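Each remark here refers to the structure printed beneath this line.
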Amino acid sequence: MLLSPLSADEISNALRTQCMGNNVIYCQVMSSTMDVAQKNISTAPHGTVVLCEKQERGQGRLSRQWVSPIGGVYLSVILHPPMQVLSQLTILASLATADAIHETCGLDACFKWPNDVMLHNKKVSGIIARSGQDEHGKLWAVVGIGINANMMASEQPAEIVDTAVSLSQITGCEVLRHKLIISLLQNFERRYNALIDGGLLWHEWKQRLVTLGERVTVKSGAVVYEGLAEAINADGALLLREQSGELIVIPAGDVTLKTRHCGHDVYQ
């Protein structure tokens with residue numbers, strides 16, 4: 001698939017945002033946008049976006065690799081947020097990604113706890129968030145978003161063919177990535193501002209969460225839990241009811257769940 005190259009200037013000029021994407025760090029190939037973002041935390045203004053065409057060592061959760069061939073959307077957003085929004089950043093980014101996919105492609109995504117955006121039984125996007133304090137005690141956060149935008153089935157790496165799907169596979173045509181990125185950043189800022197103003201996003205997120213109500217196996221660190229995915233709390237942690245009746249709160253982990261229907265899709 002012959003793709004139109006990304007243009008940082010085109011994206012910045014088209015954005016209607018106050019902060020998100022006003023500063024763009026772009027390079028055709030990066031080790032990963034998360035690496036570059038974290039190296040620029042001390043100097044980059046709030047809302048800086050790190051963007052590339054291809055990642056050589058794309059990062060997923062739990063030190064996993066995010067396969068990042070040319071044709072996808074790979075970006076990280078640098079934030080200097082207040083403490084109260086840190087636990088909501090993965091939820092925020094998931095919702096903003098789903099907003100952008102709907103606006104650009106007319107597709108309605110669901111979510112798999114804790115950080116996957118799903119279409120047609122497979123993962124179309126993943127979110128990763130990191131935070132900390134600089135030497136002056138100022139909070140920082142970096143939110144990485146990867147979207148499988150343009151990748152036909154014949155181009156798909158063997159290691160992800162059973163678990164991932166691209167927007168172009170579903171729509172049958174090239175997805176204009178600059179439009180997808182513009183929509184993503186504008187919705188990211190809209191939802192970020194809603195959080196700053198005291199709004200809650202987790203209610204909307206959990207309504208589209210395919211994990212709830214299912215019997216699941218969750219690996220969190222070295223511990224494996226089994227039980228019913230009963231609820232999500234305001235910080236996005238999973239509340240798991242074990243067979244013993246005990247309710248376990250799991251902040252993060254990997255989930256395996258039985259088949260369930262979400263509209264016309266079935267997720268694993």
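By order of appearance in the structure tokens: chains A, B, ..., then residues from 1 within every chain, and ligands from 1 in the order shown.
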
Mind checking which residues fall within 10 Å of region 165-173 of chain A, counting only C-alpha atoms, ignoring those fewer than 5 positions away in the same chain, and posting them as a JSON list (two decimals) with C-alpha atoms, in the first residue's frame?
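This is the output file out.json:
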```json
[["chain", "number", "residue", "atom", "x", "y", "z"],
["A", 1, "MET", "CA", 0.00, 0.00, 0.00],
["A", 71, "GLY", "CA", 1.46, 2.76, 7.97],
["A", 72, "GLY", "CA", 0.43, 2.95, 11.61],
["A", 101, "ILE", "CA", -11.69, 6.06, 14.97],
["A", 104, "THR", "CA", -12.47, 9.15, 10.80],
["A", 105, "CYS", "CA", -13.75, 5.67, 9.88],
["A", 106, "GLY", "CA", -17.29, 5.44, 11.25],
["A", 107, "LEU", "CA", -16.37, 2.43, 13.40],
["A", 118, "MET", "CA", -10.82, -3.48, 20.06],
["A", 119, "LEU", "CA", -12.53, -3.93, 16.68],
["A", 120, "HIS", "CA", -13.71, -7.09, 14.95],
["A", 121, "ASN", "CA", -12.51, -9.44, 17.66],
["A", 122, "LYS", "CA", -8.97, -8.03, 17.59],
["A", 123, "LYS", "CA", -6.78, -5.27, 18.96],
["A", 124, "VAL", "CA", -6.62, -2.13, 16.83],
["A", 125, "SER", "CA", -4.91, 0.15, 19.33],
["A", 147, "ILE", "CA", -3.06, 2.61, 16.22],
["A", 148, "ASN", "CA", -2.98, -0.01, 13.48],
["A", 149, "ALA", "CA", -4.14, 2.36, 10.76],
["A", 150, "ASN", "CA", -2.95, 1.03, 7.40],
["A", 151, "MET", "CA", -1.94, -2.59, 7.12],
["A", 152, "MET", "CA", -3.55, -5.11, 4.82],
["A", 153, "ALA", "CA", -3.76, -8.77, 5.79],
["A", 154, "SER", "CA", -0.93, -9.71, 3.42],
["A", 156, "GLN", "CA", 0.62, -8.18, 8.64],
["A", 160, "ILE", "CA", 0.20, -10.46, 15.38]]
```

To test your reading of the structure, identify every residue in region 20-256 of chain A that backbone DSSP assigns to strand (DSSP E), and report it as a tab-separated table (two decimals) with N, CA and C atoms, in the first residue's frame.
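Saved the output as out19.tsv:
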```
chain	number	residue	atom	x	y	z
A	24	VAL	N	5.34	19.73	17.95
A	24	VAL	CA	5.46	18.36	17.46
A	24	VAL	C	6.93	18.04	17.23
A	25	ILE	N	7.38	16.95	17.82
A	25	ILE	CA	8.71	16.42	17.56
A	25	ILE	C	8.53	15.25	16.61
A	26	TYR	N	9.04	15.39	15.38
A	26	TYR	CA	8.80	14.38	14.35
A	26	TYR	C	10.12	13.87	13.79
A	27	CYS	N	10.18	12.57	13.59
A	27	CYS	CA	11.28	11.94	12.87
A	27	CYS	C	10.70	10.72	12.17
A	28	GLN	N	11.17	10.43	10.98
A	28	GLN	CA	10.60	9.31	10.23
A	28	GLN	C	10.73	8.00	10.99
A	29	VAL	N	11.90	7.75	11.55
A	29	VAL	CA	12.14	6.51	12.30
A	29	VAL	C	12.67	6.86	13.68
A	30	MET	N	12.08	6.26	14.72
A	30	MET	CA	12.55	6.44	16.09
A	30	MET	C	12.71	5.07	16.74
A	48	THR	N	3.12	18.58	24.15
A	48	THR	CA	4.03	18.23	23.07
A	48	THR	C	3.74	16.82	22.58
A	49	VAL	N	3.75	16.64	21.26
A	49	VAL	CA	3.51	15.34	20.66
A	49	VAL	C	4.78	14.85	19.98
A	50	VAL	N	5.16	13.62	20.27
A	50	VAL	CA	6.29	12.96	19.62
A	50	VAL	C	5.71	11.96	18.62
A	51	LEU	N	6.11	12.06	17.36
A	51	LEU	CA	5.44	11.34	16.28
A	51	LEU	C	6.47	10.77	15.31
A	52	CYS	N	6.20	9.55	14.83
A	52	CYS	CA	7.09	8.97	13.82
A	52	CYS	C	6.30	8.07	12.87
A	53	GLU	N	6.97	7.69	11.78
A	53	GLU	CA	6.38	6.77	10.80
A	53	GLU	C	6.59	5.31	11.20
A	54	LYS	N	7.73	5.06	11.86
A	54	LYS	CA	8.09	3.68	12.20
A	54	LYS	C	8.89	3.67	13.48
A	55	GLN	N	8.61	2.69	14.34
A	55	GLN	CA	9.38	2.51	15.57
A	55	GLN	C	10.23	1.24	15.44
A	73	VAL	N	-0.12	4.62	13.24
A	73	VAL	CA	0.01	5.88	13.98
A	73	VAL	C	0.75	5.57	15.27
A	74	TYR	N	1.90	6.21	15.47
A	74	TYR	CA	2.71	5.99	16.66
A	74	TYR	C	3.05	7.36	17.23
A	75	LEU	N	2.49	7.66	18.38
A	75	LEU	CA	2.76	8.96	18.98
A	75	LEU	C	2.73	8.87	20.50
A	76	SER	N	3.39	9.82	21.12
A	76	SER	CA	3.34	9.98	22.57
A	76	SER	C	3.07	11.44	22.88
A	77	VAL	N	2.29	11.67	23.92
A	77	VAL	CA	1.94	13.02	24.35
A	77	VAL	C	2.62	13.29	25.69
A	78	ILE	N	3.35	14.40	25.77
A	78	ILE	CA	4.02	14.82	27.00
A	78	ILE	C	3.09	15.74	27.78
A	79	LEU	N	2.84	15.41	29.04
A	79	LEU	CA	1.93	16.18	29.88
A	79	LEU	C	2.63	16.61	31.16
A	110	CYS	N	-14.78	-1.03	21.08
A	110	CYS	CA	-14.96	-1.39	22.49
A	110	CYS	C	-13.59	-1.46	23.14
A	111	PHE	N	-13.56	-1.70	24.45
A	111	PHE	CA	-12.30	-1.74	25.19
A	111	PHE	C	-12.15	-3.07	25.93
A	112	LYS	N	-10.92	-3.53	26.01
A	112	LYS	CA	-10.57	-4.68	26.84
A	112	LYS	C	-9.64	-4.18	27.93
A	116	ASP	N	-6.57	-1.92	25.96
A	116	ASP	CA	-6.71	-2.27	24.55
A	116	ASP	C	-7.97	-1.67	23.96
A	117	VAL	N	-7.85	-1.17	22.73
A	117	VAL	CA	-9.00	-0.72	21.95
A	117	VAL	C	-9.26	-1.80	20.90
A	118	MET	N	-10.50	-2.27	20.81
A	118	MET	CA	-10.82	-3.48	20.06
A	118	MET	C	-11.82	-3.22	18.93
A	119	LEU	N	-11.59	-3.90	17.81
A	119	LEU	CA	-12.53	-3.93	16.68
A	119	LEU	C	-12.48	-5.32	16.06
A	122	LYS	N	-10.42	-8.16	17.50
A	122	LYS	CA	-8.97	-8.03	17.59
A	122	LYS	C	-8.57	-6.64	18.06
A	123	LYS	N	-7.32	-6.52	18.44
A	123	LYS	CA	-6.78	-5.27	18.96
A	123	LYS	C	-6.42	-4.34	17.80
A	124	VAL	N	-6.95	-3.13	17.84
A	124	VAL	CA	-6.62	-2.13	16.83
A	124	VAL	C	-5.74	-1.02	17.39
A	125	SER	N	-5.70	-0.91	18.72
A	125	SER	CA	-4.91	0.15	19.33
A	125	SER	C	-4.53	-0.24	20.75
A	126	GLY	N	-3.39	0.23	21.19
A	126	GLY	CA	-2.95	0.03	22.56
A	126	GLY	C	-2.46	1.33	23.18
A	127	ILE	N	-2.60	1.42	24.48
A	127	ILE	CA	-2.24	2.63	25.23
A	127	ILE	C	-1.20	2.26	26.28
A	128	ILE	N	-0.24	3.15	26.49
A	128	ILE	CA	0.71	2.98	27.58
A	128	ILE	C	0.91	4.35	28.24
A	129	ALA	N	0.91	4.38	29.56
A	129	ALA	CA	1.08	5.64	30.28
A	129	ALA	C	2.14	5.48	31.36
A	130	ARG	N	3.01	6.47	31.46
A	130	ARG	CA	4.03	6.50	32.51
A	130	ARG	C	4.03	7.88	33.14
A	131	SER	N	4.41	7.93	34.40
A	131	SER	CA	4.45	9.21	35.09
A	131	SER	C	5.54	9.22	36.14
A	132	GLY	N	5.90	10.40	36.60
A	132	GLY	CA	6.92	10.53	37.61
A	132	GLY	C	7.10	12.00	37.99
A	133	GLN	N	8.21	12.30	38.64
A	133	GLN	CA	8.54	13.65	39.05
A	133	GLN	C	9.94	13.99	38.57
A	139	LEU	N	5.37	17.13	38.52
A	139	LEU	CA	4.82	15.92	37.93
A	139	LEU	C	4.93	15.96	36.41
A	140	TRP	N	5.21	14.79	35.84
A	140	TRP	CA	5.16	14.63	34.39
A	140	TRP	C	4.46	13.33	34.06
A	141	ALA	N	3.94	13.25	32.86
A	141	ALA	CA	3.35	12.01	32.36
A	141	ALA	C	3.58	11.94	30.86
A	142	VAL	N	3.74	10.73	30.37
A	142	VAL	CA	3.82	10.49	28.93
A	142	VAL	C	2.80	9.41	28.59
A	143	VAL	N	1.94	9.71	27.63
A	143	VAL	CA	0.92	8.77	27.19
A	143	VAL	C	1.25	8.35	25.76
A	144	GLY	N	1.52	7.07	25.57
A	144	GLY	CA	1.81	6.54	24.24
A	144	GLY	C	0.58	5.89	23.64
A	145	ILE	N	0.34	6.16	22.37
A	145	ILE	CA	-0.81	5.60	21.66
A	145	ILE	C	-0.32	5.01	20.34
A	146	GLY	N	-0.63	3.75	20.12
A	146	GLY	CA	-0.35	3.11	18.85
A	146	GLY	C	-1.65	2.66	18.21
A	147	ILE	N	-1.85	3.00	16.94
A	147	ILE	CA	-3.06	2.61	16.22
A	147	ILE	C	-2.65	1.89	14.94
A	215	ARG	N	-16.00	-14.42	33.17
A	215	ARG	CA	-15.04	-15.16	33.99
A	215	ARG	C	-13.68	-15.05	33.31
A	216	VAL	N	-12.69	-14.61	34.07
A	216	VAL	CA	-11.40	-14.26	33.48
A	216	VAL	C	-10.25	-14.84	34.29
A	217	THR	N	-9.11	-14.91	33.64
A	217	THR	CA	-7.84	-15.16	34.30
A	217	THR	C	-7.00	-13.90	34.14
A	218	VAL	N	-6.48	-13.40	35.25
A	218	VAL	CA	-5.71	-12.16	35.24
A	218	VAL	C	-4.32	-12.44	35.80
A	219	LYS	N	-3.30	-12.10	35.01
A	219	LYS	CA	-1.93	-12.17	35.50
A	219	LYS	C	-1.49	-10.78	35.86
A	220	SER	N	-1.20	-10.56	37.14
A	220	SER	CA	-0.74	-9.27	37.63
A	220	SER	C	0.60	-9.49	38.31
A	223	VAL	N	1.58	-12.95	40.06
A	223	VAL	CA	0.38	-13.56	40.64
A	223	VAL	C	-0.69	-13.74	39.57
A	224	VAL	N	-1.36	-14.90	39.58
A	224	VAL	CA	-2.45	-15.18	38.66
A	224	VAL	C	-3.75	-15.33	39.45
A	225	TYR	N	-4.77	-14.56	39.05
A	225	TYR	CA	-6.07	-14.60	39.69
A	225	TYR	C	-7.10	-15.18	38.70
A	226	GLU	N	-8.10	-15.86	39.25
A	226	GLU	CA	-9.21	-16.33	38.44
A	226	GLU	C	-10.51	-15.98	39.13
A	227	GLY	N	-11.49	-15.57	38.34
A	227	GLY	CA	-12.77	-15.24	38.93
A	227	GLY	C	-13.64	-14.45	37.97
A	228	LEU	N	-14.65	-13.79	38.53
A	228	LEU	CA	-15.59	-13.00	37.75
A	228	LEU	C	-15.15	-11.54	37.74
A	229	ALA	N	-15.00	-10.98	36.55
A	229	ALA	CA	-14.69	-9.54	36.43
A	229	ALA	C	-15.96	-8.78	36.76
A	230	GLU	N	-16.03	-8.30	37.98
A	230	GLU	CA	-17.31	-7.79	38.52
A	230	GLU	C	-17.52	-6.31	38.25
A	231	ALA	N	-16.47	-5.51	38.37
A	231	ALA	CA	-16.65	-4.06	38.24
A	231	ALA	C	-15.30	-3.40	38.01
A	232	ILE	N	-15.38	-2.10	37.76
A	232	ILE	CA	-14.21	-1.23	37.63
A	232	ILE	C	-14.39	-0.08	38.59
A	238	LEU	N	-9.50	-3.19	38.22
A	238	LEU	CA	-10.48	-4.25	38.06
A	238	LEU	C	-10.83	-4.86	39.41
A	239	LEU	N	-12.13	-5.04	39.66
A	239	LEU	CA	-12.62	-5.70	40.86
A	239	LEU	C	-13.01	-7.12	40.48
A	240	LEU	N	-12.23	-8.09	40.96
A	240	LEU	CA	-12.38	-9.49	40.59
A	240	LEU	C	-12.94	-10.28	41.77
A	241	ARG	N	-14.04	-10.99	41.54
A	241	ARG	CA	-14.65	-11.83	42.58
A	241	ARG	C	-14.13	-13.24	42.41
A	242	GLU	N	-13.30	-13.68	43.36
A	242	GLU	CA	-12.75	-15.03	43.30
A	242	GLU	C	-13.80	-16.05	43.70
A	247	LEU	N	-13.30	-10.35	47.16
A	247	LEU	CA	-13.22	-9.35	46.10
A	247	LEU	C	-11.81	-8.79	46.08
A	248	ILE	N	-11.12	-8.98	44.95
A	248	ILE	CA	-9.74	-8.54	44.79
A	248	ILE	C	-9.70	-7.30	43.91
A	249	VAL	N	-8.94	-6.29	44.32
A	249	VAL	CA	-8.75	-5.09	43.51
A	249	VAL	C	-7.41	-5.21	42.78
A	250	ILE	N	-7.45	-5.19	41.44
A	250	ILE	CA	-6.25	-5.38	40.63
A	250	ILE	C	-5.99	-4.11	39.83
A	254	ASP	N	-2.78	-8.59	32.84
A	254	ASP	CA	-3.16	-9.14	31.54
A	254	ASP	C	-4.35	-10.05	31.73
A	255	VAL	N	-5.36	-9.88	30.86
A	255	VAL	CA	-6.61	-10.61	31.02
A	255	VAL	C	-6.81	-11.60	29.88
A	256	THR	N	-7.24	-12.80	30.24
A	256	THR	CA	-7.76	-13.76	29.28
A	256	THR	C	-9.21	-14.00	29.64
```

Inset, instruction - Just the residues within 9 Å of Thr90 (chain A), please, counting only C-alpha atoms, with nothing from its chain fewer than 2 positions along; format it as a count of residues only. - result: 14

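The two atoms in question, CA of Asp35 (chain A) and CA of Gly137 (chain A), are spaced 20.7 Å apart.
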
Legend entry - Test item, alpha helix (DSSP H) assignment across region 7-80 of chain A, answer as a PyMOL selection string: chain A and resi 8-14+33-39

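Candidate residues A:Gly221, A:Ile91, A:Leu176, A:Ala164 were compared for distance to His203 (chain A), and the nearest is A:Ile91, using only C-alpha atoms.
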